[in-house]
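Note: the block below is run.cif and it holds mmCIF, C-alpha atoms.
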```
data_final
loop_
_atom_site.label_atom_id
_atom_site.label_comp_id
_atom_site.auth_asym_id
_atom_site.auth_seq_id
_atom_site.Cartn_x
_atom_site.Cartn_y
_atom_site.Cartn_z
CA MET A 828 59.26 119.40 101.51
CA LYS A 829 60.09 120.86 98.09
CA ASN A 830 63.61 122.31 97.73
CA LEU A 831 65.00 120.63 100.85
CA VAL A 832 68.45 119.08 100.47
CA ASP A 833 70.04 115.97 102.01
CA PHE A 834 73.54 115.96 100.59
CA HIS A 835 74.80 112.71 102.11
CA VAL A 836 72.66 109.62 102.68
CA HIS A 837 73.30 105.86 102.34
CA ILE A 838 69.92 104.86 100.93
CA ASP A 839 71.00 101.26 100.24
CA TYR A 840 71.65 100.65 103.97
CA TYR A 841 68.00 101.13 104.88
CA PRO A 842 66.10 97.80 104.93
CA ASN A 843 63.26 99.48 103.01
CA TYR A 844 65.63 101.19 100.60
CA LYS A 845 63.18 101.34 97.69
CA THR A 846 60.61 103.10 99.87
CA ILE A 847 63.27 105.53 101.08
CA TYR A 848 64.37 106.28 97.51
CA ASP A 849 60.78 106.86 96.44
CA PHE A 850 60.19 109.15 99.43
CA TYR A 851 62.96 111.51 98.36
CA THR A 852 61.63 111.61 94.81
CA ASN A 853 57.96 111.96 95.74
CA GLN A 854 58.67 114.67 98.33
CA LYS A 855 61.00 116.49 95.91
CA ILE A 856 63.96 116.40 98.29
CA TYR A 857 67.33 116.75 96.58
CA ALA A 858 69.46 113.88 97.86
CA LEU A 859 72.97 112.65 97.20
CA PHE A 860 72.87 108.86 97.49
CA VAL A 861 76.46 107.94 98.40
CA THR A 862 77.81 104.41 98.01
CA ASN A 863 80.57 102.53 99.83
CA PHE A 864 81.90 100.41 96.93
CA PRO A 865 82.03 100.76 93.13
CA GLU A 866 80.11 97.48 92.82
CA VAL A 867 77.32 98.87 94.99
CA PHE A 868 77.18 101.99 92.85
CA LYS A 869 76.68 99.87 89.74
CA LYS A 870 73.97 97.80 91.41
CA ALA A 871 72.20 100.97 92.57
CA MET A 872 72.33 102.45 89.07
CA ASP A 873 70.77 99.25 87.72
CA THR A 874 68.17 99.00 90.53
CA PHE A 875 66.78 102.50 90.93
CA PRO A 876 64.97 104.53 88.28
CA GLU A 877 66.46 107.80 87.11
CA SER A 878 65.35 110.67 89.34
CA LYS A 879 65.53 114.44 89.09
CA TYR A 880 65.95 114.56 92.86
CA VAL A 881 68.16 111.61 93.83
CA LYS A 882 71.65 111.38 92.38
CA ILE A 883 73.81 108.31 92.91
CA ALA A 884 77.48 108.87 93.73
CA LEU A 885 80.35 106.50 92.96
CA GLY A 886 82.30 105.80 96.13
CA TYR A 887 84.71 103.77 98.18
CA HIS A 888 84.43 104.40 101.91
CA PRO A 889 87.85 104.46 103.65
CA GLU A 890 86.51 102.32 106.50
CA MET A 891 85.73 99.49 104.08
CA ILE A 892 89.28 98.34 103.32
CA ASN A 893 89.09 95.33 105.64
CA ILE A 894 85.66 94.38 104.31
CA ARG A 895 86.25 94.52 100.57
CA PRO A 896 89.35 95.65 98.65
CA PHE A 897 89.17 98.65 96.35
CA LYS A 898 88.53 97.55 92.77
CA LYS A 899 90.35 100.19 90.79
CA LYS A 900 89.25 98.85 87.41
CA ALA A 901 85.58 98.94 88.39
CA PHE A 902 85.86 102.46 89.81
CA ASP A 903 87.53 103.72 86.63
CA GLU A 904 84.99 101.95 84.44
CA TYR A 905 81.97 103.48 86.20
CA LEU A 906 83.42 106.97 86.49
CA ASP A 907 81.68 108.31 83.40
CA GLU A 908 78.25 107.17 84.62
CA THR A 909 77.86 109.90 87.26
CA LYS A 910 78.79 113.49 88.09
CA TYR A 911 79.07 112.67 91.80
CA ILE A 912 81.79 110.93 93.84
CA GLY A 913 81.17 109.74 97.39
CA GLU A 914 81.63 108.51 99.95
CA VAL A 915 85.40 108.73 99.58
CA GLY A 916 88.22 110.10 101.69
CA LEU A 917 90.43 109.18 104.63
CA ASP A 918 89.84 107.98 108.20
CA PHE A 919 92.77 108.05 110.62
CA SER A 920 90.77 107.29 113.77
CA LYS A 921 92.19 104.60 116.05
CA ASP A 922 90.18 101.78 114.45
CA HIS A 923 91.40 102.60 110.94
CA ILE A 924 94.80 104.27 111.26
CA LYS A 925 96.52 100.93 110.62
CA ASN A 926 95.32 101.19 107.00
CA ARG A 927 96.62 104.75 106.59
CA ASP A 928 99.02 104.10 103.70
CA GLU A 929 96.52 102.03 101.73
CA GLN A 930 93.79 104.62 102.30
CA ILE A 931 96.03 107.37 100.98
CA LYS A 932 96.95 105.29 97.94
CA ILE A 933 93.27 104.70 97.12
CA PHE A 934 92.19 108.29 97.76
CA ARG A 935 95.00 109.64 95.61
CA HIS A 936 93.91 107.37 92.77
CA ILE A 937 90.33 108.61 93.13
CA CYS A 938 91.47 112.24 93.14
CA ARG A 939 93.77 111.68 90.19
CA LYS A 940 91.04 110.05 88.09
CA THR A 941 88.40 112.66 88.91
CA ALA A 942 90.60 115.76 88.83
CA ASP A 943 89.79 116.73 85.25
CA THR A 944 86.17 115.55 85.23
CA ASN A 945 84.65 118.44 87.20
CA LYS A 946 82.66 116.09 89.44
CA ILE A 947 81.28 116.91 92.88
CA MET A 948 82.89 114.92 95.69
CA SER A 949 81.47 114.13 99.15
CA VAL A 950 84.45 113.44 101.40
CA HIS A 951 85.02 111.67 104.71
CA SER A 952 87.85 113.21 106.73
CA ARG A 953 87.77 111.93 110.32
CA ASN A 954 91.13 112.67 112.02
CA ALA A 955 92.56 113.26 108.54
CA GLU A 956 91.26 116.69 107.61
CA MET A 957 94.57 118.20 106.49
CA ASP A 958 95.57 115.09 104.53
CA VAL A 959 92.24 115.14 102.72
CA LEU A 960 92.54 118.85 102.02
CA ALA A 961 96.13 118.52 100.81
CA ASN A 962 95.17 115.83 98.30
CA LEU A 963 92.12 117.74 97.06
CA LYS A 964 94.25 120.81 96.44
CA GLU A 965 97.19 118.88 94.96
CA PHE A 966 94.98 117.29 92.32
CA GLY A 967 92.94 120.42 91.72
CA ILE A 968 89.58 119.08 92.89
CA LYS A 969 87.29 122.08 92.52
CA HIS A 970 83.99 120.83 93.93
CA ALA A 971 84.28 119.03 97.27
CA VAL A 972 81.89 118.85 100.23
CA PHE A 973 83.32 117.85 103.62
CA HIS A 974 80.75 115.50 105.15
CA TRP A 975 80.13 115.73 108.93
CA TYR A 976 83.34 117.61 109.71
CA THR A 977 84.74 116.83 113.20
CA GLY A 978 88.22 118.35 113.07
CA SER A 979 89.74 121.44 114.67
CA ILE A 980 88.55 124.99 114.12
CA LYS A 981 92.01 125.90 112.81
CA ASN A 982 91.85 123.21 110.14
CA LEU A 983 88.23 124.15 109.42
CA GLN A 984 89.35 127.65 108.50
CA GLU A 985 91.68 126.21 105.87
CA VAL A 986 88.81 124.17 104.41
CA ILE A 987 86.65 127.30 104.31
CA GLU A 988 89.40 129.40 102.76
CA SER A 989 89.80 126.72 100.09
CA ASN A 990 86.18 127.42 99.09
CA TYR A 991 84.91 123.93 99.77
CA TYR A 992 81.46 123.27 101.19
CA LEU A 993 80.54 121.43 104.39
CA SER A 994 77.43 119.28 104.88
CA LEU A 995 76.11 119.60 108.42
CA ASN A 996 74.69 116.65 110.32
CA PRO A 997 72.13 117.08 113.15
CA SER A 998 74.42 115.13 115.48
CA MET A 999 76.78 118.13 115.37
CA LEU A 1000 74.25 120.06 117.47
CA LYS A 1001 74.60 117.56 120.32
CA THR A 1002 78.17 118.48 121.31
CA LYS A 1003 79.98 121.67 122.29
CA LYS A 1004 82.62 121.10 119.62
CA GLY A 1005 80.02 120.35 116.97
CA LYS A 1006 78.16 123.56 117.78
CA GLU A 1007 81.37 125.56 117.57
CA ILE A 1008 82.06 124.06 114.14
CA VAL A 1009 78.54 124.89 112.90
CA GLN A 1010 78.87 128.49 114.11
CA SER A 1011 82.24 128.88 112.38
CA ILE A 1012 81.07 128.01 108.85
CA PRO A 1013 79.85 130.83 106.60
CA LEU A 1014 76.23 130.34 105.58
CA ARG A 1015 77.27 130.48 101.93
CA GLN A 1016 79.23 127.22 102.33
CA ILE A 1017 76.62 125.17 104.22
CA LEU A 1018 74.70 122.14 103.00
CA ILE A 1019 72.59 119.78 105.14
CA GLU A 1020 72.85 116.00 105.41
CA THR A 1021 71.35 113.11 107.37
CA ASP A 1022 74.02 110.43 106.80
CA GLY A 1023 71.11 108.05 107.21
CA PRO A 1024 70.78 105.40 108.41
CA TYR A 1025 74.05 105.81 110.34
CA SER A 1026 72.90 108.86 112.30
CA LYS A 1027 70.31 109.12 115.04
CA TYR A 1028 67.63 111.72 115.54
CA ASN A 1029 65.54 111.95 118.71
CA ASN A 1030 67.35 108.83 119.99
CA ARG A 1031 66.33 106.64 117.04
CA GLN A 1032 67.53 105.90 113.53
CA ILE A 1033 67.25 108.97 111.35
CA VAL A 1034 64.79 108.84 108.42
CA PRO A 1035 64.13 111.33 105.60
CA ASP A 1036 60.81 112.32 107.18
CA ASP A 1037 62.96 114.04 109.87
CA ILE A 1038 64.51 116.49 107.42
CA PRO A 1039 62.10 119.41 107.97
CA SER A 1040 62.67 119.16 111.73
CA ILE A 1041 66.44 119.01 111.20
CA TYR A 1042 66.30 122.25 109.23
CA ARG A 1043 64.26 123.88 112.02
CA ASP A 1044 66.83 122.74 114.61
CA PHE A 1045 69.64 124.39 112.66
CA GLU A 1046 67.57 127.52 112.11
CA PHE A 1047 66.91 127.82 115.83
CA PHE A 1048 70.57 127.29 116.68
CA LEU A 1049 71.84 129.74 114.05
CA GLY A 1050 69.12 132.31 114.71
CA ILE A 1051 67.87 132.40 111.12
CA GLU A 1052 64.55 131.64 109.43
CA ASN A 1053 65.45 130.83 105.84
CA LEU A 1054 67.89 127.92 105.97
CA LYS A 1055 66.03 126.00 103.26
CA GLU A 1056 66.49 128.88 100.83
CA ILE A 1057 70.15 129.33 101.81
CA VAL A 1058 71.01 125.65 101.35
CA PHE A 1059 69.07 125.37 98.10
CA GLU A 1060 70.88 128.42 96.74
CA ASN A 1061 74.22 126.99 97.85
CA LEU A 1062 73.45 123.74 96.04
CA ASN A 1063 72.49 125.66 92.92
CA LYS A 1064 75.74 127.63 93.02
CA LEU A 1065 77.71 124.41 93.42
CA LEU A 1066 75.94 122.88 90.44
CA ILE A 1067 76.19 126.01 88.31
CA ASN A 1068 79.93 126.06 88.95
CA GLN A 1069 80.01 122.45 87.87
CA GLN A 1070 77.89 123.42 84.83
CA LYS A 1071 75.18 120.94 85.70
CA ARG A 1072 71.82 121.33 87.40
CA PHE A 1073 70.49 118.79 89.90
#
```

Would you write out, as structure tokens, the structure that this file holds?
Amino acid sequence: MKNLVDFHVHIDYYPNYKTIYDFYTNQKIYALFVTNFPEVFKKAMDTFPESKYVKIALGYHPEMINIRPFKKKAFDEYLDETKYIGEVGLDFSKDHIKNRDEQIKIFRHICRKTADTNKIMSVHSRNAEMDVLANLKEFGIKHAVFHWYTGSIKNLQEVIESNYYLSLNPSMLKTKKGKEIVQSIPLRQILIETDGPYSKYNNRQIVPDDIPSIYRDFEFFLGIENLKEIVFENLNKLLINQQKRF
């Protein structure tokens, strides 16, 4: 599995999270371990050994506002401990639109604090694609990856033209709209993700052992044979631009 990439996974939400973490490292899969709260990021940094392959991102998921308030002081304090920010962003779907103003306030703080740090950001943008994009561009965020994009093709083109990346989830191949989105993204801006354990694969919870099959599914759909090499090269370019190697 060497040189495979999973650029968005919630390792701490797996019951056997230590086994999952070790799997990525032992199989040499490059993984971005996103967190939902600054406090969880700190606990993960203290719990898991340093890994060449698994990088832990500092995050605050926009869906989490009603579960735990954003601790600005903690986020700012931990910012220097990582080069990766995620999961962060906005969610204006019907279950979360009521928190729109607070979400924007938090996301703008995150963008403001990370703008000059050259970090890589994994962003959530459900029903809020243009608001996310506007804030990224306003604060000069250079290295952002739109996770599991579900917006319009028109808005997608603006994301692409802004030179941001998109991490593709296997669930996108299950719908007509998802397939259209996948086909519309230049190969040079594609990364792959599982979003485990939130996603399903073959009608069950997705696990990192599925990653080779996920790559084959995308290769078949896109009519290519070298997706692993493409994604690995894209990751390298992202990291070179950030002046840091994974």

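Our summary of the geometry notes that CA of Gly1005 in chain A is positioned 23.6 Å from CA of Glu1060 in chain A.
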
In Å, how far is it from CA of Ser1026 in chain A to CA of His936 in chain A?
28.7 Å

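Remark: for Ile847 in chain A, the closest of the candidate residues A:Glu908, A:Asp918, A:Asp1036, A:Glu890 is A:Asp1036 (distances computed over only C-alpha atoms).
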
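The gap separating CA of Ser994 in chain A from CA of Glu1020 in chain A is 5.7 Å, in Å to one decimal.
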
Which residues fall under the PyMOL selection byres ((chain A and resi 859) around 12) in this file, as a short mmCIF file (atom, residue, chain, number, x, y, z; two decimals) with C-alpha atoms, keeping the file's coordinate frame?
```
data_model
loop_
_atom_site.label_atom_id
_atom_site.label_comp_id
_atom_site.auth_asym_id
_atom_site.auth_seq_id
_atom_site.Cartn_x
_atom_site.Cartn_y
_atom_site.Cartn_z
CA LEU A 831 65.00 120.63 100.85
CA VAL A 832 68.45 119.08 100.47
CA ASP A 833 70.04 115.97 102.01
CA PHE A 834 73.54 115.96 100.59
CA HIS A 835 74.80 112.71 102.11
CA VAL A 836 72.66 109.62 102.68
CA HIS A 837 73.30 105.86 102.34
CA ILE A 838 69.92 104.86 100.93
CA ASP A 839 71.00 101.26 100.24
CA TYR A 848 64.37 106.28 97.51
CA TYR A 851 62.96 111.51 98.36
CA THR A 852 61.63 111.61 94.81
CA ILE A 856 63.96 116.40 98.29
CA TYR A 857 67.33 116.75 96.58
CA ALA A 858 69.46 113.88 97.86
CA PHE A 860 72.87 108.86 97.49
CA VAL A 861 76.46 107.94 98.40
CA THR A 862 77.81 104.41 98.01
CA SER A 878 65.35 110.67 89.34
CA LYS A 879 65.53 114.44 89.09
CA TYR A 880 65.95 114.56 92.86
CA VAL A 881 68.16 111.61 93.83
CA LYS A 882 71.65 111.38 92.38
CA ILE A 883 73.81 108.31 92.91
CA ALA A 884 77.48 108.87 93.73
CA LEU A 885 80.35 106.50 92.96
CA GLY A 886 82.30 105.80 96.13
CA THR A 909 77.86 109.90 87.26
CA LYS A 910 78.79 113.49 88.09
CA TYR A 911 79.07 112.67 91.80
CA ILE A 912 81.79 110.93 93.84
CA GLY A 913 81.17 109.74 97.39
CA GLU A 914 81.63 108.51 99.95
CA ILE A 947 81.28 116.91 92.88
CA MET A 948 82.89 114.92 95.69
CA SER A 949 81.47 114.13 99.15
CA VAL A 972 81.89 118.85 100.23
CA HIS A 974 80.75 115.50 105.15
CA SER A 994 77.43 119.28 104.88
CA LEU A 1018 74.70 122.14 103.00
CA ILE A 1019 72.59 119.78 105.14
CA GLU A 1020 72.85 116.00 105.41
CA THR A 1021 71.35 113.11 107.37
CA ASP A 1022 74.02 110.43 106.80
CA GLY A 1023 71.11 108.05 107.21
CA LEU A 1062 73.45 123.74 96.04
CA PHE A 1073 70.49 118.79 89.90
#
```

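Ranking A:Ile980, A:Leu917, A:Met999, A:Ile1008 by their shortest atom-to-atom distance to Asn962 in chain A, with only C-alpha atoms included, puts A:Leu917 first.
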
Could you name the residues that touch Thr941 in chain A at 8 Å or less, counting all atoms listed in the file, but leaving out those on the same chain fewer than 5 positions away, as a PDB file with C-alpha atoms, keeping the file's coordinate frame?
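Generated file (part.pdb):
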```pdb
ATOM      1  CA  LEU A 906      83.420 106.970  86.490  1.00  0.00           C
ATOM      2  CA  LYS A 946      82.660 116.090  89.440  1.00  0.00           C
ATOM      3  CA  ILE A 968      89.580 119.080  92.890  1.00  0.00           C
TER       4      ILE A 968
END
```

Spell out the residues picked by the PyMOL selection byres ((chain A and resi 1032) around 12) here, as a ChimeraX atom specification.
/A:840-842,998,1021-1031,1033-1037

For the selection you just gave me, I'd like the residues written to a file as a short mmCIF file (atom, residue, chain, number, x, y, z; two decimals), in the frame of the given file, keeping C-alpha atoms.
```cif
data_model
loop_
_atom_site.label_atom_id
_atom_site.label_comp_id
_atom_site.auth_asym_id
_atom_site.auth_seq_id
_atom_site.Cartn_x
_atom_site.Cartn_y
_atom_site.Cartn_z
CA TYR A 840 71.65 100.65 103.97
CA TYR A 841 68.00 101.13 104.88
CA PRO A 842 66.10 97.80 104.93
CA SER A 998 74.42 115.13 115.48
CA THR A 1021 71.35 113.11 107.37
CA ASP A 1022 74.02 110.43 106.80
CA GLY A 1023 71.11 108.05 107.21
CA PRO A 1024 70.78 105.40 108.41
CA TYR A 1025 74.05 105.81 110.34
CA SER A 1026 72.90 108.86 112.30
CA LYS A 1027 70.31 109.12 115.04
CA TYR A 1028 67.63 111.72 115.54
CA ASN A 1029 65.54 111.95 118.71
CA ASN A 1030 67.35 108.83 119.99
CA ARG A 1031 66.33 106.64 117.04
CA ILE A 1033 67.25 108.97 111.35
CA VAL A 1034 64.79 108.84 108.42
CA PRO A 1035 64.13 111.33 105.60
CA ASP A 1036 60.81 112.32 107.18
CA ASP A 1037 62.96 114.04 109.87
#
```

Contacts of Ser952 in chain A at 10 Å (only C-alpha atoms; same-chain gap of 6+ positions) as a PyMOL selection string
chain A and resi 889+915-920+958-960+973-978

For this file, the PyMOL selection byres ((chain A and resi 864) around 7) selects which residues, as a list in words?
Thr862, Asn863, Pro865, Glu866, Val867, Phe868, Gly886, Tyr887 and His888 of chain A

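Proximity to Ala961 in chain A was assessed for A:Asn1068, A:Asn1053, A:Thr944, A:Ser989 counting all atoms listed in the file; the smallest distance is recorded for A:Ser989.
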
Shell of 7 Å around Cys938 in chain A, only C-alpha atoms, local chain residues under 4 positions omitted, as a PyMOL selection string
chain A and resi 934+942+963+966

Restricting it to C-alpha atoms, dump the selection as an mmCIF file, keeping the file's coordinate frame.
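Everything below was put into part-v4.cif:
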```
data_model
loop_
_atom_site.group_PDB
_atom_site.id
_atom_site.type_symbol
_atom_site.label_atom_id
_atom_site.label_comp_id
_atom_site.auth_asym_id
_atom_site.auth_seq_id
_atom_site.Cartn_x
_atom_site.Cartn_y
_atom_site.Cartn_z
ATOM 1 C CA PHE A 934 92.190 108.290 97.760
ATOM 2 C CA ALA A 942 90.600 115.760 88.830
ATOM 3 C CA LEU A 963 92.120 117.740 97.060
ATOM 4 C CA PHE A 966 94.980 117.290 92.320
#
```

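Closest to Glu956 in chain A among A:Asn982, A:Thr1002, A:His970, A:Lys899 is A:Asn982, based on all atoms listed in the file.
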